[in-house]
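Structure file work_16.cif (mmCIF, C-alpha atoms and all ligand atoms) is printed below.
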data_structure
#
loop_
_atom_site.label_atom_id
_atom_site.label_comp_id
_atom_site.auth_asym_id
_atom_site.auth_seq_id
_atom_site.Cartn_x
_atom_site.Cartn_y
_atom_site.Cartn_z
CA MET A 1 0.00 0.00 0.00
CA LEU A 2 1.34 3.41 -0.96
CA LYS A 3 1.25 6.35 1.42
CA ILE A 4 0.43 9.63 -0.24
CA GLY A 5 0.84 13.05 1.36
CA LEU A 6 -1.62 15.83 0.56
CA THR A 7 -0.51 19.35 1.35
CA GLY A 8 -1.00 22.99 0.44
CA GLY A 9 -1.16 26.39 2.08
CA ILE A 10 -4.04 27.77 4.11
CA GLY A 11 -7.22 27.96 2.04
CA SER A 12 -5.69 26.19 -0.97
CA GLY A 13 -8.50 23.62 -0.98
CA LYS A 14 -6.95 20.57 0.72
CA SER A 15 -10.27 19.62 2.33
CA ILE A 16 -12.14 19.79 -0.97
CA VAL A 17 -9.47 17.71 -2.71
CA ALA A 18 -9.54 15.20 0.18
CA LYS A 19 -13.30 14.84 -0.29
CA ALA A 20 -12.80 14.18 -4.01
CA PHE A 21 -10.37 11.35 -3.24
CA GLU A 22 -12.79 9.97 -0.66
CA MET A 23 -15.47 9.93 -3.36
CA LEU A 24 -13.15 7.62 -5.31
CA GLY A 25 -12.95 5.30 -2.28
CA ILE A 26 -9.59 6.49 -0.93
CA PRO A 27 -9.49 7.07 2.83
CA VAL A 28 -7.92 10.35 3.97
CA TYR A 29 -6.32 10.89 7.38
CA VAL A 30 -6.79 14.57 8.20
CA SER A 31 -3.88 15.37 10.52
CA ASP A 32 -5.44 18.47 12.13
CA VAL A 33 -8.65 16.68 13.03
CA GLU A 34 -6.83 13.63 14.36
CA ALA A 35 -4.36 15.77 16.35
CA LYS A 36 -7.30 17.46 18.07
CA ARG A 37 -8.91 14.09 18.77
CA LEU A 38 -5.66 12.76 20.27
CA MET A 39 -5.30 15.84 22.48
CA ASN A 40 -8.77 15.09 23.83
CA THR A 41 -8.51 11.32 24.17
CA ASN A 42 -4.93 10.05 24.24
CA GLU A 43 -3.77 9.62 27.84
CA ILE A 44 -0.07 9.94 27.06
CA VAL A 45 -0.62 13.19 25.15
CA GLN A 46 -2.90 14.51 27.89
CA LYS A 47 -0.37 13.72 30.64
CA GLN A 48 2.50 15.32 28.73
CA LEU A 49 0.49 18.48 28.04
CA ILE A 50 -0.49 18.74 31.71
CA VAL A 51 3.11 18.25 32.88
CA ARG A 52 4.31 21.00 30.51
CA PHE A 53 1.45 23.51 30.79
CA GLY A 54 -0.52 22.71 33.96
CA GLU A 55 -3.83 21.06 34.86
CA ASP A 56 -5.89 23.94 33.49
CA VAL A 57 -5.15 23.12 29.83
CA TYR A 58 -8.04 20.70 30.32
CA GLU A 59 -11.59 21.54 31.36
CA SER A 60 -13.08 19.69 34.32
CA ASN A 61 -14.92 17.41 31.86
CA GLY A 62 -11.55 16.33 30.36
CA THR A 63 -11.78 18.22 27.06
CA LEU A 64 -8.97 20.48 25.95
CA ASN A 65 -9.29 24.10 27.06
CA ARG A 66 -8.51 25.61 23.68
CA LYS A 67 -8.78 29.18 24.91
CA ARG A 68 -6.22 28.53 27.67
CA LEU A 69 -3.89 26.84 25.20
CA ALA A 70 -4.23 29.73 22.74
CA ASP A 71 -3.32 32.16 25.55
CA ILE A 72 -0.28 30.08 26.46
CA ILE A 73 0.89 29.98 22.84
CA PHE A 74 0.41 33.75 22.53
CA ASN A 75 2.50 34.47 25.63
CA ASP A 76 5.16 31.75 25.46
CA SER A 77 7.26 31.65 22.29
CA LYS A 78 8.43 28.07 22.99
CA ALA A 79 4.96 26.69 23.67
CA LEU A 80 3.95 25.82 20.12
CA LYS A 81 7.17 23.92 19.53
CA ASP A 82 6.62 21.98 22.75
CA ILE A 83 3.00 21.18 21.86
CA ASN A 84 4.13 19.93 18.47
CA SER A 85 6.85 17.79 20.04
CA ILE A 86 4.14 16.12 22.14
CA VAL A 87 1.37 15.85 19.53
CA HIS A 88 3.29 15.08 16.31
CA PRO A 89 4.79 11.76 17.49
CA ALA A 90 1.33 10.69 18.67
CA VAL A 91 -0.13 11.56 15.27
CA ARG A 92 2.63 9.62 13.50
CA LYS A 93 1.94 6.56 15.65
CA ASP A 94 -1.82 6.88 15.18
CA PHE A 95 -1.41 7.23 11.40
CA LYS A 96 0.62 4.00 11.31
CA LEU A 97 -2.17 2.12 13.13
CA TRP A 98 -4.75 3.69 10.81
CA CYS A 99 -2.70 2.55 7.77
CA ASP A 100 -2.65 -1.02 9.11
CA LYS A 101 -6.45 -0.99 9.05
CA HIS A 102 -6.41 -0.07 5.36
CA ALA A 103 -3.55 -2.35 4.33
CA SER A 104 -5.60 -4.04 1.61
CA LEU A 105 -6.02 -0.80 -0.39
CA SER A 106 -3.69 0.35 -3.14
CA TYR A 107 -3.07 3.65 -1.37
CA VAL A 108 -4.15 5.99 1.43
CA ILE A 109 -3.70 9.73 1.91
CA GLN A 110 -2.57 11.85 4.85
CA GLU A 111 -3.54 15.51 4.66
CA SER A 112 -1.32 18.02 6.44
CA ALA A 113 -0.53 21.67 5.77
CA ILE A 114 2.93 21.23 7.27
CA LEU A 115 4.33 18.14 5.55
CA PHE A 116 7.43 19.93 4.32
CA ASP A 117 7.90 22.07 7.42
CA THR A 118 8.08 19.05 9.75
CA GLY A 119 10.08 16.54 7.73
CA LEU A 120 6.94 14.39 7.61
CA TYR A 121 7.22 14.35 3.80
CA ARG A 122 9.92 11.68 4.06
CA ASN A 123 7.28 9.14 5.14
CA PHE A 124 5.40 9.31 1.85
CA ASP A 125 5.76 7.54 -1.47
CA LYS A 126 4.29 10.48 -3.38
CA ILE A 127 3.18 13.99 -2.48
CA ILE A 128 0.31 16.03 -3.88
CA THR A 129 0.20 19.81 -3.45
CA VAL A 130 -2.95 21.86 -3.85
CA SER A 131 -2.17 25.29 -5.21
CA ALA A 132 -4.22 28.45 -5.69
CA GLU A 133 -3.39 32.14 -6.10
CA GLU A 134 -2.72 33.86 -2.80
CA GLU A 135 -5.47 36.45 -3.32
CA ILE A 136 -8.04 33.73 -4.03
CA ARG A 137 -6.96 31.77 -0.93
CA ILE A 138 -7.23 34.89 1.22
CA GLN A 139 -10.75 35.65 -0.01
CA ARG A 140 -11.88 32.04 0.52
CA VAL A 141 -10.51 31.88 4.06
CA LEU A 142 -12.00 35.26 4.97
CA LYS A 143 -15.36 33.99 3.77
CA ARG A 144 -14.99 30.58 5.47
CA ASP A 145 -13.71 31.68 8.89
CA SER A 146 -14.90 35.29 9.12
CA SER A 147 -11.23 35.88 9.99
CA VAL A 148 -9.38 39.18 9.58
CA LEU A 149 -7.14 39.94 6.62
CA GLU A 150 -3.98 40.55 8.70
CA LEU A 151 -4.27 37.18 10.44
CA VAL A 152 -4.66 35.28 7.17
CA GLN A 153 -1.74 37.18 5.62
CA LYS A 154 0.38 36.35 8.67
CA ARG A 155 -0.48 32.64 8.40
CA ILE A 156 0.48 32.69 4.72
CA ALA A 157 3.75 34.49 5.46
CA ASN A 158 4.60 31.81 8.04
CA GLN A 159 4.02 28.98 5.58
CA LEU A 160 6.24 27.83 2.73
CA PRO A 161 5.59 29.61 -0.57
CA ASP A 162 3.53 27.60 -3.10
CA GLU A 163 6.44 27.48 -5.58
CA GLU A 164 8.61 25.66 -3.05
CA ARG A 165 5.89 23.15 -2.21
CA ILE A 166 5.21 22.53 -5.90
CA GLN A 167 8.89 21.95 -6.60
CA LYS A 168 9.06 19.30 -3.89
CA SER A 169 5.83 17.53 -4.94
CA ASP A 170 5.07 14.75 -7.39
CA PHE A 171 1.61 16.05 -8.34
CA VAL A 172 -0.04 19.48 -8.28
CA ILE A 173 -3.75 20.18 -8.23
CA TYR A 174 -4.62 23.73 -9.28
CA ASN A 175 -7.64 25.18 -7.56
CA ASN A 176 -8.21 28.66 -8.97
CA ASP A 177 -10.99 28.24 -11.48
CA GLU A 178 -9.97 24.75 -12.60
CA LEU A 179 -12.22 21.75 -12.01
CA ILE A 180 -10.92 19.59 -9.17
CA LEU A 181 -12.43 16.21 -9.96
CA PRO A 182 -10.80 15.61 -13.38
CA GLN A 183 -7.38 16.42 -11.89
CA VAL A 184 -8.03 14.04 -8.98
CA VAL A 185 -9.19 11.25 -11.30
CA LEU A 186 -5.98 11.51 -13.35
CA ILE A 187 -3.75 11.43 -10.28
CA ASP A 188 -5.73 8.54 -8.80
CA ARG A 189 -5.21 6.59 -12.00
CA GLU A 190 -1.49 7.30 -12.02
CA ILE A 191 -0.99 6.34 -8.37
CA ARG A 192 -2.93 3.10 -8.83
CA SER A 193 -0.71 2.30 -11.81
CA ILE A 194 2.47 2.55 -9.72
CA GLY A 195 1.00 0.89 -6.62
P1 LIG A 201 -6.92 25.06 5.65
O1 LIG A 201 -5.47 24.80 5.46
O2 LIG A 201 -7.19 26.43 6.17
O3 LIG A 201 -7.64 23.98 6.40
P2 LIG A 201 -7.79 24.02 3.08
O4 LIG A 201 -6.59 23.96 2.23
O5 LIG A 201 -8.31 22.73 3.64
O6 LIG A 201 -7.60 25.12 4.19
P3 LIG A 201 -10.48 24.36 2.11
O7 LIG A 201 -11.10 24.46 3.47
O8 LIG A 201 -10.69 23.12 1.31
O9 LIG A 201 -8.91 24.69 2.19
O10 LIG A 201 -10.91 25.61 1.22
C1 LIG A 201 -10.94 26.91 1.79
C2 LIG A 201 -12.30 27.54 1.57
O11 LIG A 201 -12.43 27.82 0.18
C3 LIG A 201 -13.46 26.64 1.93
O12 LIG A 201 -14.51 27.40 2.46
C4 LIG A 201 -13.87 26.02 0.61
O13 LIG A 201 -15.24 25.68 0.59
C5 LIG A 201 -13.55 27.15 -0.37
N1 LIG A 201 -13.12 26.64 -1.68
C6 LIG A 201 -12.11 25.78 -1.92
N2 LIG A 201 -12.00 25.54 -3.24
C7 LIG A 201 -12.94 26.27 -3.85
C8 LIG A 201 -13.33 26.45 -5.21
N3 LIG A 201 -12.70 25.84 -6.22
N4 LIG A 201 -14.35 27.29 -5.47
C9 LIG A 201 -14.99 27.94 -4.46
N5 LIG A 201 -14.68 27.81 -3.16
C10 LIG A 201 -13.67 26.99 -2.84
#
I need this file expressed as structure tokens, please.
Ligand code: ATP
Amino acid sequence: MLKIGLTGGIGSGKSIVAKAFEMLGIPVYVSDVEAKRLMNTNEIVQKQLIVRFGEDVYESNGTLNRKRLADIIFNDSKALKDINSIVHPAVRKDFKLWCDKHASLSYVIQESAILFDTGLYRNFDKIITVSAEEEIRIQRVLKRDSSVLELVQKRIANQLPDEERIQKSDFVIYNNDELILPQVVLIDREIRSIG
């Protein structure tokens, strides 16, 4: 079974592309969603977060206190790195178990915005990048999240530029005004042919 990475900057359309692959019967592991789940349910992750940041990163009902964590990250420049060093290994382990469950398929996909930033890209047989013009991405995110322009621009500035991601990828899906599904069908066919 091949492991395929799916990446792209904020608002590029990773979720939409992931849905298209799922329509073709390919399971997609969405790293952000699973990381949040692990922070709420994985005892090792929970213990490590409490040791590093204190009991009050969790509510009394055991769910993550996201507001508290956001405050910590805002005020402690090392915090995000420490959270990642706790959560990323748990996600990697969880993804491996998830892959085992799908071992009979020709390939599975892991979606993550930070594949190249974390070195995670080395774990994949092929990588797909979703790319769209920065202005289009900004408008889509503003509409989706009712976020503010400066915040979205800051997120983009903190991420790798599209050109760099494209250069390091095996496949690119363009999501400006192009149709997604035909591009996904072609890539699916090609991956199946090498798997
Ligand atoms: P993030 O990294 O922030 O999670 P993402 O890469 O997963 O973003 P999406 O959530 O798939 O991006 O897309 C961003 C927003 O743009 C969504 O609201 C989505 O519905 C919208 N969108 C994506 N592609 C298109 C498109 N081709 N036409 C119109 N709207 C789109």
Taking all atoms of stretch 101-110 of chain A that the file lists and extending 5 Å past them on each side, where is the centre of the axis-aligned box and how long are its edges? Answer in Å to one decimal, as lines of an AutoDock Vina configuration file.
center_x = -4.5
center_y = 3.9
center_z = 3.0
size_x = 13.9
size_y = 25.9
size_z = 22.2
Which residues are near ligand LIG 201 (chain A) in this structure, taking near to mean any atom at most 7 Å from a ligand atom and counting all atoms listed in the file? Format them as a JSON list (two decimals) with C-alpha atoms, in the frame of the given file.
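Below is the file that was written, pocket-v2.json:
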[["chain", "number", "residue", "atom", "x", "y", "z"],
["A", 8, "GLY", "CA", -1.00, 22.99, 0.44],
["A", 9, "GLY", "CA", -1.16, 26.39, 2.08],
["A", 10, "ILE", "CA", -4.04, 27.77, 4.11],
["A", 11, "GLY", "CA", -7.22, 27.96, 2.04],
["A", 12, "SER", "CA", -5.69, 26.19, -0.97],
["A", 13, "GLY", "CA", -8.50, 23.62, -0.98],
["A", 14, "LYS", "CA", -6.95, 20.57, 0.72],
["A", 15, "SER", "CA", -10.27, 19.62, 2.33],
["A", 16, "ILE", "CA", -12.14, 19.79, -0.97],
["A", 17, "VAL", "CA", -9.47, 17.71, -2.71],
["A", 113, "ALA", "CA", -0.53, 21.67, 5.77],
["A", 137, "ARG", "CA", -6.96, 31.77, -0.93],
["A", 140, "ARG", "CA", -11.88, 32.04, 0.52],
["A", 141, "VAL", "CA", -10.51, 31.88, 4.06],
["A", 143, "LYS", "CA", -15.36, 33.99, 3.77],
["A", 144, "ARG", "CA", -14.99, 30.58, 5.47],
["A", 175, "ASN", "CA", -7.64, 25.18, -7.56],
["A", 176, "ASN", "CA", -8.21, 28.66, -8.97],
["A", 177, "ASP", "CA", -10.99, 28.24, -11.48]]
Who sits within 12 Å of A:Asn42, all atoms listed in the file, same chain under 4 positions skipped, as a PyMOL selection string: chain A and resi 34-38+46-49+62-64+86-87+89-91+93-94
Expected answer as a VMD selection string: all residues with atoms within 10 Å of (1.1, 36.8, -3.2), only C-alpha atoms: chain A and resid 133 to 138 153 156 to 157 161 to 162
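Atom CA of A:Phe95 to atom CA of A:Val33 spans 12.0 Å [interatomic distance, one decimal].
The gap separating atom CA of A:Leu179 from atom CA of A:Leu6 is 17.5 Å, in Å to one decimal.
Atom CA of A:Tyr107 is found 5.0 Å from atom CA of A:Met1.
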Proximity to A:Ile194 - best of A:His102, A:Arg155, A:Lys126, A:Arg165, all atoms listed in the file: A:Lys126
Nearest candidate to A:Met23 (options A:Val185, A:Leu69, A:Val45, A:Val57; using all atoms listed in the file):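 Checking each candidate against A:Met23, we get A:Val185 as the closest.
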Nearest residue to A:Gln139 from the set A:Ile127, A:Val152, A:Ala103, A:Ile166 (distances using only C-alpha atoms): A:Val152
Neighbour list for A:Val30 as a ChimeraX atom specification, cut-off 8 Å, all atoms listed in the file, skip fewer than 4 positions in-chain: /A:34,110-112
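In this comparison, which uses only C-alpha atoms, the residue of A:Ser31, A:Asn40, A:Ser169, A:Gln183 approaching A:Tyr121 most closely is A:Ser169.
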Selection: 8 Å around A:Val28, only C-alpha atoms, excl. self and same-chain fewer than 6 positions, as a PyMOL selection string: chain A and resi 18+21-22+108-111
Near-A:Ala79 list (10 Å; all atoms listed in the file; drop same-chain fewer than 5 positions) as JSON, numbers by chain: {"A": [52, 53, 69, 70, 72, 73, 74, 84, 85]}
Nearest candidate to A:Thr7 (options A:Lys101, A:Lys168, A:His88, A:Arg189; using only C-alpha atoms): A:Lys168
